[in-house]
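Q: Structure file protein.txt, compact mmCIF, C-alpha atoms, is pasted below:
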# COMPACT_ATOMS: atom_id res chain seq x y z
CA MET B 283 223.30 85.22 170.70
CA ARG B 284 222.77 85.44 166.94
CA THR B 285 219.03 85.14 167.37
CA ILE B 286 219.03 88.05 169.81
CA ALA B 287 221.16 90.13 167.44
CA LYS B 288 218.87 89.33 164.49
CA PHE B 289 215.82 90.18 166.57
CA LEU B 290 217.28 93.54 167.62
CA LEU B 291 218.34 94.48 164.11
CA ILE B 292 214.91 93.59 162.66
CA THR B 293 213.28 95.61 165.46
CA LEU B 294 215.58 98.53 164.72
CA PHE B 295 214.81 98.62 161.01
CA SER B 296 211.07 98.18 161.70
CA ILE B 297 211.07 101.13 164.12
CA VAL B 298 212.94 103.34 161.69
CA GLY B 299 210.52 102.22 158.98
CA ILE B 300 207.47 103.10 161.09
CA GLY B 301 208.89 106.59 161.41
CA GLN B 302 208.53 107.00 157.67
CA LEU B 303 204.89 105.89 157.47
CA ASN B 304 203.37 109.28 158.15
CA ARG B 305 205.13 110.83 155.22
CA ILE B 306 203.52 111.14 151.83
CA ASN B 307 205.01 108.58 149.45
CA ALA B 308 207.81 110.17 147.51
CA ALA B 309 210.67 109.09 145.28
CA PRO B 310 213.92 108.75 147.24
CA GLU B 311 215.33 111.97 145.77
CA GLU B 312 212.26 114.03 146.59
CA PRO B 313 211.90 115.67 149.98
CA PRO B 314 209.50 114.05 152.46
CA CYS B 315 206.28 116.03 152.81
CA VAL B 316 203.81 116.07 155.68
CA THR B 317 200.53 117.83 156.30
CA VAL B 318 200.58 119.88 159.48
CA ALA B 319 198.38 122.41 161.21
CA ILE B 320 200.03 125.84 161.10
CA VAL B 321 199.54 127.48 164.48
CA CYS B 322 200.10 131.20 165.05
CA PRO B 323 201.83 132.81 168.05
CA ASP B 324 198.44 133.83 169.48
CA GLY B 325 197.38 130.17 169.36
CA HIS B 326 194.91 130.35 166.48
CA LEU B 327 194.95 127.71 163.76
CA ALA B 328 195.95 129.34 160.47
CA GLY B 329 195.33 126.29 158.27
CA TYR B 330 196.66 122.93 157.18
CA ALA B 331 199.60 122.96 154.81
CA VAL B 332 201.71 120.35 153.07
CA ILE B 333 205.23 121.08 154.27
CA CYS B 334 208.29 119.59 152.63
CA ASN B 335 211.11 121.32 154.48
CA MET B 336 211.76 123.36 157.60
CA GLU B 337 212.12 126.57 155.61
CA ASP B 338 208.56 126.30 154.22
CA LEU B 339 207.20 125.64 157.71
CA TYR B 340 208.87 128.82 158.93
CA THR B 341 207.75 130.87 155.92
CA TRP B 342 204.12 129.74 155.92
CA THR B 343 203.89 130.51 159.64
CA GLU B 344 205.35 133.95 158.97
CA ILE B 345 202.97 134.66 156.07
CA LEU B 346 199.79 133.25 157.59
CA CYS B 347 200.18 134.71 161.06
CA GLU B 348 200.02 138.30 162.08
CA GLU B 349 203.36 139.26 163.55
CA ASN B 350 203.38 139.23 167.30
CA PRO B 351 204.25 142.85 168.21
CA ASN B 352 206.57 141.79 171.05
CA MET N 140 222.83 86.19 180.54
CA ASN N 141 226.59 86.72 180.80
CA HIS N 142 228.40 90.08 180.72
CA ASN N 143 229.47 89.83 177.10
CA LYS N 144 225.91 89.24 175.91
CA LEU N 145 224.67 92.16 177.98
CA LYS N 146 227.38 94.44 176.60
CA PHE N 147 226.52 93.36 173.06
CA ILE N 148 222.81 94.08 173.53
CA LEU N 149 223.57 97.47 175.08
CA PHE N 150 225.87 98.26 172.15
CA ILE N 151 223.14 97.35 169.65
CA LEU N 152 220.61 99.49 171.54
CA PHE N 153 223.08 102.42 171.57
CA VAL N 154 223.69 102.10 167.82
CA SER N 155 219.92 101.83 167.25
CA SER N 156 219.16 104.97 169.22
CA SER N 157 221.95 106.88 167.45
CA TYR N 158 220.70 105.72 164.07
CA MET N 159 217.12 106.70 164.85
CA GLY N 160 218.38 110.07 166.06
CA PHE N 161 219.64 110.83 162.57
CA SER N 162 216.31 110.12 160.83
CA GLN N 163 215.00 113.68 160.99
CA ILE N 164 211.71 114.41 159.32
CA PHE N 165 213.31 117.07 157.10
CA PRO N 166 216.86 117.25 155.82
CA ILE N 167 218.77 119.76 157.97
CA PRO N 168 221.61 121.56 156.20
CA LYS N 169 225.06 121.42 157.72
CA ASP N 170 226.84 124.55 158.85
CA ILE N 171 230.14 125.00 157.03
CA PHE N 172 232.86 126.60 159.13
CA ILE N 173 234.49 129.74 157.70
CA GLU N 174 236.37 131.41 160.53
CA LYS N 175 236.50 131.93 164.29
CA PRO N 176 235.23 135.41 165.16
CA GLN N 177 237.07 137.80 167.46
CA LEU N 178 234.10 139.99 168.28
CA LYS N 179 230.31 139.67 168.58
CA ILE N 180 228.07 142.70 168.27
CA ILE N 181 224.44 142.20 169.20
CA TYR N 182 222.03 144.46 167.35
CA GLN N 183 218.39 145.11 167.98
CA TYR N 184 216.60 145.22 164.64
CA HIS N 185 213.25 147.03 164.39
CA TYR N 186 211.32 147.28 161.15
CA GLN N 187 207.95 148.24 159.78
CA LEU N 188 207.06 145.93 156.92
CA ASP N 189 203.70 147.61 156.33
CA SER N 190 204.35 151.27 155.57
CA THR N 191 200.70 152.11 156.35
CA ASN N 192 200.76 150.69 159.89
CA PRO N 193 203.30 152.31 162.25
CA ASP N 194 201.86 150.33 165.17
CA LYS N 195 203.12 147.05 163.76
CA ILE N 196 206.84 146.98 164.40
CA SER N 197 208.78 143.72 164.16
CA LYS N 198 211.68 143.27 166.57
CA ARG N 199 214.60 140.93 166.21
CA THR N 200 218.02 140.42 167.77
CA LEU N 201 220.77 139.83 165.22
CA TRP N 202 224.46 139.05 165.65
CA LEU N 203 227.41 140.44 163.76
CA LEU N 204 230.34 138.06 164.22
CA ILE N 205 233.61 139.62 163.09
CA GLY N 206 236.72 137.60 162.24
CA ASP N 207 240.05 138.60 160.71
CA ASN N 208 238.89 138.02 157.14
CA TYR N 209 235.14 137.49 157.24
CA SER N 210 232.06 138.53 159.18
CA SER N 211 228.57 137.08 159.38
CA PHE N 212 225.29 138.83 160.11
CA GLU N 213 222.30 136.70 161.02
CA ASP N 214 219.61 135.86 163.53
CA PRO N 215 220.90 133.35 166.14
CA LYS N 216 217.37 131.96 166.45
CA LYS N 217 217.84 130.38 163.04
CA LYS N 218 220.44 128.02 164.53
CA TRP N 219 218.09 127.31 167.44
CA TYR N 220 215.32 126.45 164.94
CA LYS N 221 217.59 124.09 163.04
CA ASP N 222 218.65 122.37 166.26
CA GLU N 223 214.98 121.94 167.18
CA MET N 224 214.12 120.50 163.74
CA ARG N 225 217.07 118.12 164.03
CA LYS N 226 215.31 116.44 167.00
CA ILE N 227 212.05 115.81 165.13
CA ASN N 228 211.62 112.52 163.33
CA SER N 229 207.88 112.02 162.88
CA GLN N 230 204.83 113.95 161.75
CA GLN N 231 203.34 113.73 165.25
CA GLN N 232 206.49 115.14 166.86
CA LEU N 233 206.49 117.97 164.33
CA GLN N 234 202.86 118.80 165.06
CA ASP N 235 203.48 118.73 168.81
CA TRP N 236 206.49 121.01 168.33
CA ILE N 237 204.39 123.49 166.30
CA PHE N 238 201.74 123.66 169.04
CA LYS N 239 204.39 124.09 171.75
CA ASN N 240 206.52 126.66 169.89
CA ALA N 241 203.87 128.66 168.01
CA GLY N 242 205.30 131.97 169.18
CA MET N 243 208.93 131.09 168.59
CA THR N 244 209.15 131.19 164.81
CA ASN N 245 209.68 134.94 164.52
CA PHE N 246 213.21 135.34 163.28
CA GLU N 247 215.10 136.37 160.15
CA TYR N 248 216.18 133.74 157.69
CA PHE N 249 218.84 135.63 155.73
CA THR N 250 222.58 135.35 156.32
CA ILE N 251 225.12 137.86 155.10
CA ILE N 252 228.77 136.83 154.93
CA LYS N 253 231.15 139.71 154.23
CA ASN N 254 234.63 139.25 152.85
CA ARG N 255 236.23 142.08 154.80
CA LYS N 256 239.39 142.23 152.66
CA LEU N 257 237.55 142.35 149.32
CA LYS N 258 234.73 144.53 150.70
CA SER N 259 232.25 142.17 149.08
CA LEU N 260 229.48 140.03 150.51
CA THR N 261 227.43 136.91 149.87
CA TYR N 262 223.74 137.09 150.68
CA TYR N 263 221.90 133.83 151.49
CA ASN N 264 218.15 133.50 151.80
CA TYR N 265 215.23 131.18 151.09
CA ILE N 266 212.15 131.86 148.98
CA LEU N 267 208.99 129.94 149.80
CA MET N 268 208.59 126.70 147.80
CA SER N 269 211.28 127.89 145.44
CA GLY N 270 214.63 127.19 147.05
CA HIS N 271 217.76 128.55 148.63
CA TYR N 272 219.23 131.56 146.87
CA LYS N 273 222.58 133.22 147.11
CA TYR N 274 224.17 136.16 145.38
CA GLU N 275 227.48 137.98 145.48
CA GLU N 276 227.51 141.73 145.85
CA THR N 277 230.03 144.52 146.22
CA PRO N 278 227.82 147.33 147.53
CA HIS N 279 228.87 150.72 146.18
CA LEU N 280 228.34 152.64 149.39
CA ILE N 281 229.42 156.23 148.98
CA TRP N 282 229.46 157.61 152.51
CA LYS N 283 229.08 161.28 153.33
CA LEU N 284 230.63 162.00 156.74
CA GLU N 285 228.94 164.56 158.96
CA SER N 286 230.31 166.32 162.03
CA ASP N 287 227.48 165.56 164.49
CA THR N 288 228.13 162.94 167.16
CA ALA N 289 226.16 160.87 169.66
CA ASN N 290 226.83 158.24 172.28
CA ILE N 291 226.00 154.54 171.92
CA LEU N 292 227.08 151.94 174.50
CA GLY N 293 229.51 154.47 175.94
CA TYR N 294 231.23 155.06 172.59
CA THR N 295 231.26 158.42 170.85
CA VAL N 296 229.79 157.79 167.43
CA GLN N 297 229.98 159.97 164.36
CA HIS N 298 227.21 160.44 161.83
CA ALA N 299 227.53 159.43 158.17
CA TRP N 300 224.96 158.73 155.51
CA THR N 301 224.67 156.92 152.23
CA TYR N 302 222.14 155.81 149.65
CA TYR N 303 221.42 152.12 149.25
CA GLY N 304 218.54 150.01 147.93
CA GLY N 305 216.26 152.97 147.28
CA ARG N 306 216.66 154.44 150.77
CA ILE N 307 218.83 157.04 152.47
CA TRP N 308 220.64 155.36 155.36
CA HIS N 309 222.09 157.17 158.37
CA ALA N 310 224.88 155.43 160.23
CA TRP N 311 226.66 156.14 163.48
CA PHE N 312 230.15 154.66 163.67
CA THR N 313 232.87 154.73 166.29
CA PRO N 314 236.50 155.31 165.30
CA ALA N 315 237.33 153.86 168.75
CA ILE N 316 236.68 150.40 167.24
CA PRO N 317 238.61 150.63 163.96
CA ILE N 318 236.74 147.83 162.22
CA SER N 319 235.15 148.80 158.92
CA ASP N 320 232.03 146.70 159.33
CA GLY N 321 228.46 147.00 160.53
CA PRO N 322 224.95 145.56 160.51
CA TYR N 323 223.27 144.22 157.37
CA LYS N 324 225.30 145.06 154.27
CA PHE N 325 226.84 148.21 155.68
CA MET N 326 230.61 148.65 155.81
CA GLY N 327 233.30 150.97 154.53
CA LEU N 328 233.41 153.55 157.32
CA PRO N 329 236.53 154.26 159.43
CA GLY N 330 235.06 152.49 162.46
CA LEU N 331 232.42 150.00 163.52
CA ILE N 332 228.83 151.03 162.74
CA LEU N 333 226.83 150.83 165.97
CA LYS N 334 223.59 152.17 164.51
CA ALA N 335 222.06 152.30 161.05
CA GLU N 336 218.62 153.65 160.25
CA ASP N 337 216.81 154.65 157.08
CA SER N 338 215.66 158.25 156.78
CA LYS N 339 211.99 157.32 157.25
CA HIS N 340 212.70 155.27 160.40
CA TYR N 341 211.19 152.12 158.90
CA TYR N 342 214.35 150.08 159.49
CA THR N 343 216.73 150.42 162.45
CA PHE N 344 219.72 148.38 163.57
CA GLU N 345 221.20 149.44 166.91
CA ALA N 346 223.99 147.77 168.89
CA ILE N 347 222.93 146.73 172.38
CA ALA N 348 226.04 144.79 173.39
CA ILE N 349 229.61 144.07 172.31
CA GLU N 350 230.96 140.76 173.53
CA GLN N 351 233.59 138.10 173.05
CA PRO N 352 232.03 135.24 171.07
CA ALA N 353 231.44 132.07 173.04
CA GLU N 354 232.92 128.71 172.05
CA GLY N 355 231.06 127.38 169.01
CA GLU N 356 229.75 130.77 167.92
CA ASP N 357 231.60 130.61 164.62
CA ILE N 358 231.25 132.31 161.27
CA THR N 359 229.48 129.69 159.17
CA TYR N 360 227.20 129.32 156.20
CA GLU N 361 224.62 126.65 155.43
CA GLU N 362 225.45 123.90 152.99
CA ASN N 363 222.54 123.92 150.54
CA GLN N 364 221.91 123.49 146.85
CA TYR N 365 221.82 127.22 146.16
CA ILE N 366 220.30 128.90 143.16
CA GLU N 367 223.01 131.39 142.28
CA THR N 368 221.49 134.68 141.26
CA THR N 369 222.00 138.43 141.32
CA ARG N 370 220.65 140.95 143.80
CA GLU N 371 218.23 142.33 141.20
CA LYS N 372 216.90 138.87 140.28
CA PHE N 373 216.51 137.96 143.94
CA LEU N 374 214.46 141.10 144.61
CA GLU N 375 212.35 140.26 141.54
CA ALA N 376 211.84 136.67 142.75
CA ASN N 377 210.64 138.05 146.09
CA ARG N 378 208.22 140.42 144.33
CA ASN N 379 206.96 137.52 142.22
CA LEU N 380 206.26 135.52 145.37
CA ARG N 381 203.95 138.28 146.58
CA LEU N 382 202.04 138.18 143.28
CA ASP N 383 201.94 134.38 143.14
CA ILE N 384 201.06 133.67 146.75
CA ILE N 385 197.55 132.31 145.99
CA ASN N 386 199.02 129.68 143.64
CA LYS N 387 201.67 128.77 146.21
CA ALA N 388 198.98 128.47 148.90
CA GLN N 389 196.89 126.21 146.64
CA GLU N 390 199.96 124.10 145.90
CA ALA N 391 200.60 123.75 149.64
CA GLY N 392 197.04 122.49 150.10
CA LEU N 393 195.79 125.47 152.12
CA ASN N 394 192.03 125.97 152.10
CA ALA N 395 190.34 129.01 150.50
CA GLY N 396 190.24 130.96 153.77
CA ALA N 397 193.96 130.48 154.43
CA GLN N 398 194.72 131.35 150.80
CA GLN N 399 192.96 134.67 151.26
CA THR N 400 194.75 135.31 154.57
CA ALA N 401 198.10 134.65 152.86
CA ALA N 402 197.22 137.05 150.01
CA GLN N 403 196.02 139.73 152.41
CA ASN N 404 199.12 139.47 154.62
CA MET N 405 201.41 139.53 151.61
CA ARG N 406 199.77 142.76 150.44
CA LEU N 407 200.71 144.27 153.81
CA ARG N 408 204.37 143.44 153.20
CA ASN N 409 204.70 146.52 151.06
CA ASN N 410 207.87 147.98 152.57
CA PRO N 411 210.90 145.71 152.07
CA ILE N 412 214.30 146.81 153.31
CA GLU N 413 215.55 147.08 149.74
CA LEU N 414 213.13 148.87 147.45
CA LYS N 415 215.27 148.63 144.34
Translate this structure into structure tokens?

A:
Amino acid sequence: MRTIAKFLLITLFSIVGIGQLNRINAAPEEPPCVTVAIVCPDGHLAGYAVICNMEDLYTWTEILCEENPN
Amino acid sequence: MNHNKLKFILFILFVSSSYMGFSQIFPIPKDIFIEKPQLKIIYQYHYQLDSTNPDKISKRTLWLLIGDNYSSFEDPKKKWYKDEMRKINSQQQLQDWIFKNAGMTNFEYFTIIKNRKLKSLTYYNYILMSGHYKYEETPHLIWKLESDTANILGYTVQHAWTYYGGRIWHAWFTPAIPISDGPYKFMGLPGLILKAEDSKHYYTFEAIAIEQPAEGEDITYEENQYIETTREKFLEANRNLRLDIINKAQEAGLNAGAQQTAAQNMRLRNNPIELK
């Protein structure tokens, strides 16, 4: 029983840890940053940007893409 | 394996999945409850950010939620965006989401919370790679009431106009709904403002529906580490962003072509809602 529990907990922490690997190394207080392709509403690739929060992702998309006149 | 063991393993798996669910790629701010609204007014918001190009009109749908003491004015898609981001916990998921939702990120980021008793407001917004800003304001709206009327959503509306932020604004309000509130920062008329438009027709807010708010559609604000500022300093910070966009683009790792696109598009944003 204990062995199973230990195994599951180690697996859990490993999985959560793997989720962090794609992020650029940062001090714990700093926001995690990732490089992503910014894609515009018409499907064209606007560029690759280092994004550190959801607000910057939104704003870069808005600035780099022509507004879709919907 | 007996039942107890199975239950224990299932419990661990449940806890694991819950825990992993909380490891979002970006920190998502919490919504802080202010008040339950009594009324929801849905406005269509049209604006022309480039004064030289009348063919490029942005369209949004914004909600005014009105409670006894407070009201909020914001784009409901912002909450949708936050809920989407809450589900993302890896770079790959984020990239997949961007490809799938490329056309969905057109919404307004600002939130305006009005204190209806004090006739003041708090404006919340974000400036690229700078932070979350908020400022308090008591707009000095001196309304001139006119006698002409119109009809919006079946309500007879009366014309009034004022001067705000470097523009003349025309409003149409209905005394049939005796709530002194309206879209954006507008308030102070003897009835709900169902339409507001600047004299050059660059910016228009027009009510398209009046509804009872659904469960969970509350007046809230985002919990963030805000930079407290003034309206004037916020407008200046926004102007500075336009001038500094190449540096910001370099800092974000964008290549030369994307830097130029950002600069060019920022130059076309020459017609903000508040000029001064």

Q: Could you make a table, as JSON lines, of the residues of chain N that have an atom within 9 Å of an atom of chain B, each with its nearest atom pair and distance in Å to one decimal, counting all atoms listed in the file, in chain and number order?

A:
{"residue": "N:Lys144", "atom": "CA", "partner": "B:Met283", "partner_atom": "CA", "distance": 7.1}
{"residue": "N:Phe147", "atom": "CA", "partner": "B:Ala287", "partner_atom": "CA", "distance": 8.4}
{"residue": "N:Ile148", "atom": "CA", "partner": "B:Ala287", "partner_atom": "CA", "distance": 7.4}
{"residue": "N:Ile151", "atom": "CA", "partner": "B:Leu290", "partner_atom": "CA", "distance": 7.3}
{"residue": "N:Leu152", "atom": "CA", "partner": "B:Leu290", "partner_atom": "CA", "distance": 7.9}
{"residue": "N:Ser155", "atom": "CA", "partner": "B:Leu294", "partner_atom": "CA", "distance": 6.0}
{"residue": "N:Ser156", "atom": "CA", "partner": "B:Leu294", "partner_atom": "CA", "distance": 8.6}
{"residue": "N:Tyr158", "atom": "CA", "partner": "B:Val298", "partner_atom": "CA", "distance": 8.5}
{"residue": "N:Met159", "atom": "CA", "partner": "B:Val298", "partner_atom": "CA", "distance": 6.2}
{"residue": "N:Ser162", "atom": "CA", "partner": "B:Val298", "partner_atom": "CA", "distance": 7.6}
{"residue": "N:Ile164", "atom": "CA", "partner": "B:Pro314", "partner_atom": "CA", "distance": 7.2}
{"residue": "N:Phe165", "atom": "CA", "partner": "B:Asn335", "partner_atom": "CA", "distance": 5.5}
{"residue": "N:Pro166", "atom": "CA", "partner": "B:Asn335", "partner_atom": "CA", "distance": 7.2}
{"residue": "N:Ile167", "atom": "CA", "partner": "B:Met336", "partner_atom": "CA", "distance": 7.9}
{"residue": "N:Asp194", "atom": "CA", "partner": "B:Pro351", "partner_atom": "CA", "distance": 8.4}
{"residue": "N:Lys195", "atom": "CA", "partner": "B:Pro351", "partner_atom": "CA", "distance": 6.2}
{"residue": "N:Ile196", "atom": "CA", "partner": "B:Pro351", "partner_atom": "CA", "distance": 6.2}
{"residue": "N:Ser197", "atom": "CA", "partner": "B:Pro351", "partner_atom": "CA", "distance": 6.1}
{"residue": "N:Lys198", "atom": "CA", "partner": "B:Asn352", "partner_atom": "CA", "distance": 7.0}
{"residue": "N:Tyr220", "atom": "CA", "partner": "B:Met336", "partner_atom": "CA", "distance": 8.7}
{"residue": "N:Lys221", "atom": "CA", "partner": "B:Met336", "partner_atom": "CA", "distance": 8.0}
{"residue": "N:Met224", "atom": "CA", "partner": "B:Met336", "partner_atom": "CA", "distance": 7.2}
{"residue": "N:Asn228", "atom": "CA", "partner": "B:Gly301", "partner_atom": "CA", "distance": 6.8}
{"residue": "N:Ser229", "atom": "CA", "partner": "B:Gly301", "partner_atom": "CA", "distance": 5.7}
{"residue": "N:Gln230", "atom": "CA", "partner": "B:Asn304", "partner_atom": "CA", "distance": 6.1}
{"residue": "N:Gln231", "atom": "CA", "partner": "B:Asn304", "partner_atom": "CA", "distance": 8.4}
{"residue": "N:Leu233", "atom": "CA", "partner": "B:Val318", "partner_atom": "CA", "distance": 7.9}
{"residue": "N:Gln234", "atom": "CA", "partner": "B:Val318", "partner_atom": "CA", "distance": 6.1}
{"residue": "N:Ile237", "atom": "CA", "partner": "B:Val321", "partner_atom": "CA", "distance": 6.5}
{"residue": "N:Phe238", "atom": "CA", "partner": "B:Val321", "partner_atom": "CA", "distance": 6.3}
{"residue": "N:Asn240", "atom": "CA", "partner": "B:Pro323", "partner_atom": "CA", "distance": 8.0}
{"residue": "N:Ala241", "atom": "CA", "partner": "B:Pro323", "partner_atom": "CA", "distance": 4.6}
{"residue": "N:Gly242", "atom": "CA", "partner": "B:Pro323", "partner_atom": "CA", "distance": 3.7}
{"residue": "N:Met243", "atom": "CA", "partner": "B:Pro323", "partner_atom": "CA", "distance": 7.3}
{"residue": "N:Thr244", "atom": "CA", "partner": "B:Tyr340", "partner_atom": "CA", "distance": 6.3}
{"residue": "N:Asn245", "atom": "CA", "partner": "B:Glu344", "partner_atom": "CA", "distance": 7.1}
{"residue": "N:Phe246", "atom": "CA", "partner": "B:Tyr340", "partner_atom": "CA", "distance": 9.0}
{"residue": "N:Tyr248", "atom": "CA", "partner": "B:Glu337", "partner_atom": "CA", "distance": 8.5}
{"residue": "N:Tyr265", "atom": "CA", "partner": "B:Glu337", "partner_atom": "CA", "distance": 7.2}
{"residue": "N:Ile266", "atom": "CA", "partner": "B:Thr341", "partner_atom": "CA", "distance": 8.3}
{"residue": "N:Leu267", "atom": "CA", "partner": "B:Asp338", "partner_atom": "CA", "distance": 5.7}
{"residue": "N:Met268", "atom": "CA", "partner": "B:Asp338", "partner_atom": "CA", "distance": 6.4}
{"residue": "N:Gly270", "atom": "CA", "partner": "B:Glu337", "partner_atom": "CA", "distance": 8.9}
{"residue": "N:Ala388", "atom": "CA", "partner": "B:Ala331", "partner_atom": "CA", "distance": 8.1}
{"residue": "N:Glu390", "atom": "CA", "partner": "B:Val332", "partner_atom": "CA", "distance": 8.3}
{"residue": "N:Ala391", "atom": "CA", "partner": "B:Val332", "partner_atom": "CA", "distance": 5.0}
{"residue": "N:Gly392", "atom": "CA", "partner": "B:Ala331", "partner_atom": "CA", "distance": 5.4}
{"residue": "N:Leu393", "atom": "CA", "partner": "B:Ala331", "partner_atom": "CA", "distance": 5.3}
{"residue": "N:Asn394", "atom": "CA", "partner": "B:Gly329", "partner_atom": "CA", "distance": 7.0}
{"residue": "N:Gly396", "atom": "CA", "partner": "B:Gly329", "partner_atom": "CA", "distance": 8.2}
{"residue": "N:Ala397", "atom": "CA", "partner": "B:Gly329", "partner_atom": "CA", "distance": 5.8}
{"residue": "N:Gln398", "atom": "CA", "partner": "B:Leu346", "partner_atom": "CA", "distance": 8.7}
{"residue": "N:Thr400", "atom": "CA", "partner": "B:Leu346", "partner_atom": "CA", "distance": 6.2}
{"residue": "N:Ala401", "atom": "CA", "partner": "B:Leu346", "partner_atom": "CA", "distance": 5.2}
{"residue": "N:Ala402", "atom": "CA", "partner": "B:Ile345", "partner_atom": "CA", "distance": 8.7}
{"residue": "N:Asn404", "atom": "CA", "partner": "B:Ile345", "partner_atom": "CA", "distance": 6.3}
{"residue": "N:Met405", "atom": "CA", "partner": "B:Ile345", "partner_atom": "CA", "distance": 6.8}

Q: For the atom pair atom CA of Glu276 of chain N and atom CA of Leu382 of chain N, what is the interatomic distance in Å to one decimal place?

A: 25.8 Å

Q: With only C-alpha atoms as the counted atoms, please give the residues lying no more than 6 Å from segment 290-297 of chain N, apart from itself and same-chain residues fewer than 5 positions off, as a tab-separated table (two decimals) with C-alpha atoms, in the frame of the given file.

A:
chain	number	residue	atom	x	y	z
N	311	TRP	CA	226.66	156.14	163.48
N	312	PHE	CA	230.15	154.66	163.67
N	313	THR	CA	232.87	154.73	166.29

Q: Please measure the separation of atom CA of Gly321 of chain N and atom CA of Tyr274 of chain N, giving the value in Å to one decimal.

A: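 The value is 19.1 Å.
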
Q: Counting all atoms listed in the file, which residue out of N:Ser286, N:Asn386, N:Asn192, N:Gln177 sits closest to Ile318 of chain N?

A: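 That would be N:Gln177, the residue with the smallest distance to Ile318 of chain N.
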
Q: I'd like to know which of N:Leu380, N:Leu414, N:Ile307, N:Ile358 is closest to Phe172 of chain N, using only C-alpha atoms.

A: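 Among N:Leu380, N:Leu414, N:Ile307, N:Ile358, it is N:Ile358 that comes nearest to Phe172 of chain N.
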
Q: So how many Å separate atom CA of Thr191 of chain N and atom CA of Tyr302 of chain N, to one decimal?

A: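 Atom CA of Thr191 of chain N sits 22.8 Å away from atom CA of Tyr302 of chain N.
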
Q: With only C-alpha atoms as the counted atoms, please give the residues lying no more than 7 Å from Lys258 of chain N, apart from itself and same-chain residues fewer than 4 positions off, as number ranges by chain.

A: N: 253-254, 277

Q: Pick from N:Asn264, N:Ser259, N:Ser319, N:Thr343: nearest to His279 of chain N, with only C-alpha atoms counted?

A: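 With only C-alpha atoms as the atom set, the closest residue is N:Ser259.
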
Q: With all atoms of segment 253-261 of chain N from the file as input, state the centre and edge lengths in Å to one decimal of the axis-aligned box that has 4 Å extra on each side, as JSON.

A:
{"center_x": 233.4, "center_y": 140.7, "center_z": 151.9, "size_x": 20.0, "size_y": 15.6, "size_z": 13.7}

Q: Restricting the calculation to all atoms listed in the file: of N:Lys339, N:His271, N:Arg255, N:Lys218, which residue gets closest to Pro193 of chain N?

A: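 The closest residue to Pro193 of chain N is N:Lys339.
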
Q: Please list as a list in words every residue within 7 Å of Ser211 of chain N, counting all atoms listed in the file and excluding residues in the same chain fewer than 6 positions away.

A: Leu203, Leu204, Ile205, Thr250, Ile251, Ile252, Lys253 and Ile358 of chain N
